[in-house]
Structures are given as C-alpha cells and as structure tokens.
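Asker: Okay, here's the structure, questions in a sec.
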Amino acid sequence: MSLLSISQILLLVFWFAFTALVFILALIARFYETSSGQKTYYRLYVVPILTMGFASARYASIRQWGGDWLADLFSFIGGMTTLTLSLFLYRQMTNGRKT
C-alpha cells in the first residue's frame, strides 16, 4: 500500500497550480494598486487559496474527487471568490477604455 494514491497526488498538484495562478493575480492586483492608486483588494486573494486548500485537503483525506458536501461548498466558495476578484480587477484595469 502506497502512502499517497494517484487521486491524492493529483489533488495536491491541482492545489499548487491553482495557488500559483491566484498568487500571480494577487501580485498583478497589488502592482496595479500601487501604480494607479485605485483599490484592488489584493489581500482578499488569500481567501480562495485557503478555501481551495481546505477543499483539496478534505477530498484527499476521503480519497475521492467529489461527493463531500463540505469540500464541495468550500470549492464553490473558492471558485466564486476567484471569479469575482478577477472580474473586479479586470474592470478596474480597463475602466473607461474601448476594446
């Protein structure tokens, strides 16, 4: 019996990749806030990292990808927070510009 199953390894890889992407978004938001003076709330990017981390840890502990209501809820909250913060940053950065 191995220490980690394939699904657990894939969940951890997913979480690290997600964390890296959200961290890059937070750095972009912080840079934009310091250079433009507009509020981007870059500190809130820690919320999706933590919620998705909790969901990934919960999924890994029960050795399945879905079906746990608490992990599904935290995964949903993390995804919606990421979407909301990303759209807010996009609107802040392109406010008043024609595409």
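Going through the structure tokens in order, the chains are called A, B, and so on, while each chain numbers its residues from 1 and the ligands are numbered from 1 in the order shown.
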At a cut-off of 10 Å, using only C-alpha atoms, what residues contact region 18-31 of chain A? Leave out same-chain residues fewer than 4 positions from it and give the result as a list in words.

Answerer: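 Using only C-alpha atoms, the neighbours found are Leu12, Val13, Phe14, Ser35, Ser36, Gly37, Gln38, Lys39, Thr40, Tyr41, Tyr42, Arg43, Leu44, Tyr45, Val46, Pro48, Ile49, Leu50, Met52, Gly53, Thr82, Leu85, Ser86, Phe88, Leu89, Tyr90, Gln92 and Met93 of chain A.
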
Asker: As a PyMOL selection string, which residues of chain A does DSSP assign to helix (DSSP H, G or I)?

Answerer: chain A and resi 6-36+42-62+69-94

Asker: Which polymer residues have any atom within 8 Å of an atom of region 56-72 of chain A, counting only C-alpha atoms, with same-chain residues fewer than 2 positions away left out, as a PyMOL selection string?

Answerer: chain A and resi 5+7-8+11-12+15+52-54+74-76

Asker: Just how far from CA of Thr94 (chain A) is CA of Thr51 (chain A), in Å to one decimal?

Answerer: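 Going from CA of Thr51 (chain A) over to CA of Thr94 (chain A) covers 28.2 Å.
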
Asker: Give me, please, the distance in Å between CA of Ala55 (chain A) and CA of Ile77 (chain A), quoted to one decimal.

Answerer: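 Pair CA of Ala55 (chain A) / CA of Ile77 (chain A) returns 9.8 Å.
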
Asker: Between A:Tyr32, A:Leu3, A:Val47, A:Asn95, single out the one closest to Thr81 (chain A), counting only C-alpha atoms.

Answerer: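 The shortest atom-to-atom distance to Thr81 (chain A) comes from A:Val47.
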